[in-house]
file work09.txt (compact mmCIF, C-alpha atoms)
# COMPACT_ATOMS: atom_id res chain seq x y z
CA MET U 1 12.07 12.72 71.24
CA THR U 2 8.69 11.82 72.72
CA ASN U 3 6.35 9.31 71.11
CA SER U 4 3.80 12.02 70.31
CA CYS U 5 6.47 14.06 68.56
CA LYS U 6 7.57 11.04 66.54
CA ILE U 7 4.00 10.39 65.46
CA TRP U 8 3.59 14.04 64.48
CA LEU U 9 6.80 13.96 62.43
CA LEU U 10 5.69 10.76 60.75
CA PHE U 11 2.34 12.30 59.88
CA ILE U 12 3.94 15.45 58.48
CA SER U 13 6.41 13.38 56.48
CA PHE U 14 3.64 11.27 55.03
CA ILE U 15 1.63 14.34 53.99
CA ILE U 16 4.72 15.87 52.38
CA LEU U 17 5.34 12.67 50.49
CA LEU U 18 1.76 12.46 49.24
CA ASN U 19 1.81 16.06 48.04
CA SER U 20 4.98 15.42 46.05
CA CYS U 21 3.36 12.67 43.96
CA THR U 22 2.54 13.23 40.31
CA SER U 23 -0.69 11.98 38.77
CA SER U 24 -1.00 10.21 35.44
CA LYS U 25 -3.45 12.92 34.33
CA ALA U 26 -0.84 15.62 34.93
CA ILE U 27 1.80 13.81 32.86
CA GLN U 28 -0.75 13.05 30.15
CA LYS U 29 -1.87 16.68 29.98
CA ASP U 30 1.72 17.89 29.61
CA ILE U 31 2.83 15.29 27.06
CA GLN U 32 -0.23 15.88 24.88
CA THR U 33 0.96 19.44 24.25
CA LEU U 34 4.12 18.11 22.56
CA ARG U 35 4.61 17.01 18.95
CA THR U 36 7.35 15.01 17.28
CA ASP U 37 8.35 13.79 13.82
CA LEU U 38 8.68 10.33 12.36
CA PHE U 39 11.63 9.81 10.02
CA TYR U 40 12.75 7.34 7.36
CA GLU U 41 16.37 7.23 6.24
CA LEU U 42 17.20 5.38 3.04
CA THR U 43 20.23 3.18 3.69
CA SER U 44 19.51 0.05 1.63
CA PRO U 45 21.61 -0.67 -1.49
CA GLU U 46 20.27 1.07 -4.57
CA TYR U 47 18.93 -1.20 -7.31
CA GLN U 48 21.18 -0.76 -10.35
CA GLY U 49 19.07 -2.46 -13.00
CA GLU U 50 16.13 -1.23 -15.01
CA ALA U 51 12.67 -1.43 -13.47
CA ILE U 52 10.77 -4.30 -15.09
CA HIS U 53 7.32 -3.84 -13.53
CA ASP U 54 4.92 -1.15 -12.38
CA VAL U 55 3.13 -1.68 -9.07
CA TYR U 56 0.34 0.50 -7.69
CA LEU U 57 -0.04 1.04 -3.96
CA ASN U 58 -3.66 1.38 -2.89
CA PHE U 59 -4.79 3.81 -0.21
CA ILE U 60 -3.86 2.61 3.30
CA LYS U 61 -7.09 3.00 5.23
CA TYR U 62 -6.14 3.08 8.91
CA SER U 63 -3.11 3.84 11.05
CA ASN U 64 -4.52 1.54 13.75
CA LEU U 65 -3.03 3.92 16.29
CA ASN U 66 -4.82 5.55 19.22
CA TYR U 67 -5.48 9.22 18.58
CA TYR U 68 -4.20 10.63 21.90
CA THR U 69 -1.05 9.72 23.78
CA THR U 70 -2.19 8.25 27.10
CA VAL U 71 -0.56 7.71 30.48
CA LYS U 72 -1.45 5.05 33.04
CA LYS U 73 -0.04 4.57 36.51
CA LYS U 74 1.38 1.06 36.87
CA SER U 75 2.72 1.06 40.43
CA THR U 76 3.23 3.25 43.49
CA ILE U 77 5.54 2.74 46.46
CA PHE U 78 5.44 4.82 49.66
CA ILE U 79 8.00 4.45 52.42
CA PRO U 80 7.19 7.08 55.09
CA LEU U 81 9.71 7.06 57.92
CA ILE U 82 10.37 9.54 60.67
CA LEU U 83 13.62 10.92 59.31
CA TYR U 84 13.47 9.77 55.71
CA ASN U 85 10.69 9.43 53.14
CA PHE U 86 10.71 7.75 49.76
CA SER U 87 8.16 7.44 46.95
CA ALA U 88 8.42 5.77 43.57
CA GLN U 89 5.78 5.86 40.85
CA THR U 90 5.92 4.04 37.54
CA PHE U 91 3.84 5.22 34.59
CA GLU U 92 3.27 3.61 31.20
CA ILE U 93 2.96 5.95 28.22
CA THR U 94 1.31 4.83 24.96
CA LEU U 95 1.97 6.82 21.80
CA GLY U 96 -1.00 8.44 20.06
CA GLU U 97 -1.24 9.82 16.54
CA ALA U 98 -2.07 13.33 17.74
CA SER U 99 1.49 13.55 19.09
CA LEU U 100 2.89 13.08 15.57
CA THR U 101 3.24 15.84 12.99
CA GLN U 102 2.13 13.41 10.26
CA ASN U 103 -0.41 10.63 10.51
CA TYR U 104 1.15 7.21 10.42
CA ARG U 105 -0.60 5.70 7.40
CA GLU U 106 0.71 8.57 5.24
CA PHE U 107 4.19 8.08 6.66
CA LEU U 108 4.04 4.36 5.93
CA ALA U 109 2.87 4.95 2.35
CA GLU U 110 5.71 7.41 1.75
CA ALA U 111 8.18 4.93 3.25
CA PHE U 112 7.04 2.21 0.83
CA LEU U 113 7.23 4.55 -2.14
CA ALA U 114 10.72 5.77 -1.24
CA GLU U 115 12.11 2.32 -0.40
CA CYS U 116 10.66 0.40 -3.33
CA ASN U 117 11.63 3.04 -5.88
CA ARG U 118 15.19 2.89 -4.61
CA SER U 119 15.99 -0.76 -3.92
CA THR U 120 13.65 -2.93 -6.02
CA CYS U 121 13.16 -4.02 -9.61
CA PHE U 122 9.77 -2.32 -9.90
CA ASN U 123 8.33 1.17 -9.92
CA LEU U 124 5.85 1.80 -7.13
CA TYR U 125 3.13 4.39 -7.74
CA ASN U 126 0.59 5.93 -5.41
CA ASN U 127 -2.87 4.67 -6.32
CA GLU U 128 -4.98 6.62 -3.82
CA SER U 129 -7.17 7.80 -6.69
CA GLY U 130 -7.79 4.18 -7.77
CA ASN U 131 -6.91 4.86 -11.41
CA ALA U 132 -4.42 2.04 -11.90
CA PRO U 133 -4.58 0.15 -15.22
CA ASP U 134 -6.79 -2.93 -15.14
CA SER U 135 -3.89 -5.34 -15.70
CA ALA U 136 -1.52 -3.66 -13.23
CA PHE U 137 0.09 -5.18 -10.15
CA ILE U 138 -1.87 -3.91 -7.12
CA LEU U 139 -0.34 -3.67 -3.65
CA ASN U 140 -2.69 -3.54 -0.65
CA VAL U 141 -1.29 -2.76 2.78
CA ALA U 142 -3.18 -3.08 6.07
CA ILE U 143 -1.84 -2.13 9.50
CA LEU U 144 -3.04 -4.87 11.87
CA GLN U 145 -1.16 -3.76 15.00
CA ASN U 146 0.58 -0.52 15.81
CA GLN U 147 1.52 0.14 19.42
CA THR U 148 4.48 1.91 20.94
CA THR U 149 4.87 2.27 24.70
CA THR U 150 7.47 3.38 27.19
CA LYS U 151 7.69 3.73 30.96
CA VAL U 152 8.91 6.43 33.30
CA LYS U 153 9.78 6.09 36.96
CA LEU U 154 9.50 9.08 39.27
CA GLN U 155 11.43 8.80 42.52
CA GLU U 156 11.22 11.34 45.33
CA SER U 157 13.15 11.37 48.60
CA ALA U 158 12.28 13.83 51.33
CA ILE U 159 13.84 14.66 54.67
CA PRO U 160 11.70 16.81 57.01
CA TRP U 161 13.72 19.29 59.05
CA PHE U 162 12.67 21.45 61.96
CA GLY U 163 14.81 24.35 63.13
CA GLU U 164 15.01 25.82 66.59
CA ASP U 165 11.81 27.77 66.03
CA MET U 166 10.14 24.48 64.97
CA GLU U 167 9.32 25.86 61.53
CA GLU U 168 9.06 23.05 59.07
CA GLU U 169 11.60 22.79 56.28
CA LEU U 170 11.91 20.12 53.65
CA LEU U 171 14.93 18.76 51.86
CA SER U 172 13.79 16.86 48.79
CA PHE U 173 15.61 14.98 46.05
CA THR U 174 14.26 13.67 42.76
CA ASN U 175 15.63 10.90 40.57
CA ASN U 176 13.43 10.36 37.53
CA LYS U 177 14.20 7.62 35.02
CA THR U 178 12.97 6.94 31.50
CA ARG U 179 12.80 3.45 30.04
CA PRO U 180 13.29 2.12 26.48
CA ALA U 181 10.33 2.24 24.10
CA ILE U 182 8.75 -0.96 22.84
CA THR U 183 7.15 -1.00 19.39
CA GLU U 184 4.88 -3.81 18.23
CA LEU U 185 4.04 -3.50 14.54
CA LYS U 186 2.12 -5.94 12.37
CA ILE U 187 1.42 -5.30 8.68
CA GLN U 188 -0.44 -7.39 6.12
CA VAL U 189 0.66 -7.11 2.49
CA GLN U 190 -1.22 -8.44 -0.50
CA LEU U 191 0.06 -8.27 -4.08
CA SER U 192 -2.38 -9.11 -6.85
CA LYS U 193 -2.81 -8.91 -10.61
CA ASN U 194 -6.02 -9.35 -12.57
CA LYS U 195 -7.73 -10.08 -9.24
CA LYS U 196 -5.40 -13.02 -8.65
CA ILE U 197 -3.47 -12.93 -5.36
CA LEU U 198 0.24 -13.49 -5.94
CA HIS U 199 1.53 -12.78 -2.45
CA ASN U 200 -0.29 -12.51 0.86
CA LYS U 201 1.69 -12.33 4.07
CA ILE U 202 1.63 -10.81 7.54
CA TYR U 203 4.87 -9.23 8.72
CA SER U 204 5.44 -8.48 12.39
CA ILE U 205 8.15 -6.96 14.52
CA LYS U 206 8.70 -6.22 18.19
CA ARG U 207 11.53 -3.78 18.71
CA GLU U 208 13.13 -2.01 21.68
CA GLN U 209 14.46 1.53 21.31
CA ALA U 210 16.96 2.88 23.85
CA THR U 211 16.04 6.13 25.55
CA LEU U 212 17.85 9.37 24.74
CA TYR U 213 18.14 10.55 28.37
CA ARG U 214 17.83 7.89 31.04
CA ASN U 215 17.84 10.44 33.88
CA PRO U 216 16.04 13.59 32.66
CA GLU U 217 16.64 16.79 34.55
CA ASP U 218 12.99 17.82 34.88
CA ASN U 219 9.45 16.77 33.95
CA PHE U 220 9.50 18.60 30.61
CA GLN U 221 12.65 16.80 29.52
CA MET U 222 11.18 13.54 30.80
CA ASN U 223 8.01 13.94 28.72
CA ASP U 224 9.90 15.15 25.67
CA THR U 225 12.40 12.31 25.96
CA SER U 226 9.63 9.74 26.26
CA LEU U 227 7.86 11.08 23.18
CA GLN U 228 11.06 11.32 21.12
CA THR U 229 12.07 7.80 22.11
CA MET U 230 8.70 6.36 21.10
CA ALA U 231 8.75 8.21 17.76
CA GLU U 232 12.27 6.97 17.04
CA GLY U 233 11.27 3.43 17.97
CA LEU U 234 8.24 3.49 15.67
CA SER U 235 10.32 5.02 12.86
CA MET U 236 13.03 2.36 13.12
CA ALA U 237 10.51 -0.49 13.38
CA THR U 238 8.78 0.84 10.26
CA LYS U 239 12.07 1.02 8.41
CA GLN U 240 12.93 -2.55 9.31
CA ILE U 241 9.58 -3.97 8.26
CA VAL U 242 9.34 -1.91 5.05
CA GLU U 243 12.82 -3.06 3.99
CA GLU U 244 11.87 -6.68 4.60
CA ILE U 245 8.64 -6.38 2.62
CA SER U 246 10.29 -4.51 -0.23
CA GLN U 247 13.00 -7.13 -0.66
CA GLU U 248 10.51 -10.00 -0.68
CA LEU U 249 8.44 -8.23 -3.32
CA HIS U 250 11.62 -7.55 -5.27
CA LEU U 251 12.54 -11.25 -5.28
CA LEU U 252 9.01 -12.24 -6.24
CA LEU U 253 8.73 -9.82 -9.16
CA SER U 254 12.28 -10.28 -10.40
CA ALA U 255 11.45 -13.93 -10.99
CA ASP U 256 8.20 -13.14 -12.78
call {"tool": "encode", "arguments": {"input": "work09.txt", "output": "structure tokens"}}
result
Amino acid sequence: MTNSCKIWLLFISFIILLNSCTSSKAIQKDIQTLRTDLFYELTSPEYQGEAIHDVYLNFIKYSNLNYYTTVKKKSTIFIPLILYNFSAQTFEITLGEASLTQNYREFLAEAFLAECNRSTCFNLYNNESGNAPDSAFILNVAILQNQTTTKVKLQESAIPWFGEDMEEELLSFTNNKTRPAITELKIQVQLSKNKKILHNKIYSIKREQATLYRNPEDNFQMNDTSLQTMAEGLSMATKQIVEEISQELHLLLSAD
């Protein structure tokens, strides 16, 4: 093979490789068309005694979650060779509230109501209307941090092939990978009565959620898997932190 032919093959291979790359905007556009559910499964032991207090949960103001799910390119590798080409792109996906069928602050409020009314010594009531009795226990919840991210890696291998008539053919292979989701959640809880603060604490958690399909078959499954993994990670992190808060409030009020 002459040097000019080698250069031409290298150029063609490089162009093929560039055209095979996926942009962060394309992934973001596709994933923003998808929706998923958060879930909360009650598994804690049920409180067997009689409720001894009534607590009123005030309106949770903010989800502290970006509205749209976003995608950013983190790294790109090109290896254009004469007879073999390889590209690898890594993208970071951050969960947005528009990808959820229910906004997060409502989900969190429902989780507190369900958990506390099952496993604690007090009745928890929704106080969004602000009509709690003057002498009631008041629970204020603020979401200080709420971020769930995951990463996907798109790998493409291409082998240019020229037949006897020198018509270009391309043999390509894909090997996409999804990564675990990381949830960082921080919640401040304040319990008060008669304007006196009885409990004020910040709870935080950083949790990793394994992916459902590590090697998705296509881009749709990759995007859907990433979204489902992030939703599951946020759901499980919420469950863990709500259970911890509920039990601390239970211990505090049972001793009152």
call {"tool": "atom_distance", "arguments": {"input": "work09.txt", "atom1": "atom CA of Val55 of chain U", "atom2": "atom CA of Ala237 of chain U"}}
result
23.7 Å
call {"tool": "closest_atom_pairs", "arguments": {"input": "work09.txt", "of": "segment 20-80 of chain U", "to": "segment 97-119 of chain U", "cutoff": "8 Å", "atoms": "all atoms listed in the file", "output": "CSV"}}
result
residue,atom,partner,partner_atom,distance
U:Gln32,CA,U:Ser99,CA,6.5
U:Thr33,CA,U:Ser99,CA,7.8
U:Leu34,CA,U:Ser99,CA,6.3
U:Arg35,CA,U:Ser99,CA,4.7
U:Thr36,CA,U:Leu100,CA,5.2
U:Asp37,CA,U:Thr101,CA,5.6
U:Leu38,CA,U:Leu100,CA,7.2
U:Tyr40,CA,U:Ala111,CA,6.6
U:Leu42,CA,U:Glu115,CA,6.9
U:Ser44,CA,U:Ser119,CA,6.6
U:Pro45,CA,U:Ser119,CA,6.1
U:Glu46,CA,U:Ser119,CA,4.7
U:Tyr47,CA,U:Ser119,CA,4.5
U:Leu57,CA,U:Ala109,CA,8.0
U:Ile60,CA,U:Arg105,CA,6.1
U:Lys61,CA,U:Arg105,CA,7.4
U:Tyr62,CA,U:Arg105,CA,6.3
U:Ser63,CA,U:Arg105,CA,4.8
U:Leu65,CA,U:Glu97,CA,6.2
U:Asn66,CA,U:Glu97,CA,6.2
U:Tyr67,CA,U:Glu97,CA,4.7
U:Tyr68,CA,U:Ala98,CA,5.4
U:Thr69,CA,U:Ser99,CA,6.6
call {"tool": "closest_residue", "arguments": {"input": "work09.txt", "among": "U:Ile52, U:Leu144, U:Leu212, U:Ile93", "to": "Lys73 of chain U", "atoms": "all atoms listed in the file"}}
result
U:Ile93
call {"tool": "residues_around", "arguments": {"input": "work09.txt", "residues": "Lys74 of chain U", "least_positions_apart": "4", "cutoff": "7 Å", "atoms": "all atoms listed in the file", "output": "JSON, numbers by chain"}}
result
{"U": [90, 91, 92]}
call {"tool": "atom_distance", "arguments": {"input": "work09.txt", "atom1": "atom CA of Glu208 of chain U", "atom2": "atom CA of Thr70 of chain U"}}
result
19.2 Å
call {"tool": "closest_residue", "arguments": {"input": "work09.txt", "among": "U:Leu191, U:Ile138, U:Met222, U:Ala51", "to": "Lys177 of chain U", "atoms": "all atoms listed in the file"}}
result
U:Met222
call {"tool": "residues_near_point", "arguments": {"input": "work09.txt", "point": "(-4.9, -7.0, 16.6)", "cutoff": "12 Å", "atoms": "all atoms listed in the file", "output": "ChimeraX atom specification"}}
result
/U:64-65,142-147,184-188,202,204
call {"tool": "closest_residue", "arguments": {"input": "work09.txt", "among": "U:Thr238, U:Asn194, U:Asn123, U:Asn140", "to": "Arg207 of chain U", "atoms": "all atoms listed in the file"}}
result
U:Thr238
call {"tool": "atom_distance", "arguments": {"input": "work09.txt", "atom1": "atom CA of Glu217 of chain U", "atom2": "atom CA of Ser87 of chain U"}}
result
17.7 Å
call {"tool": "closest_residue", "arguments": {"input": "work09.txt", "among": "U:Leu234, U:Ile182, U:Leu249, U:Ala26", "to": "Leu139 of chain U", "atoms": "all atoms listed in the file"}}
result
U:Leu249
call {"tool": "closest_residue", "arguments": {"input": "work09.txt", "among": "U:Gln247, U:Asn223, U:Asn200, U:Thr229", "to": "Pro180 of chain U", "atoms": "all atoms listed in the file"}}
result
U:Thr229
call {"tool": "closest_residue", "arguments": {"input": "work09.txt", "among": "U:Gln209, U:Asn219, U:Thr76, U:Gln155", "to": "Lys29 of chain U", "atoms": "all atoms listed in the file"}}
result
U:Asn219
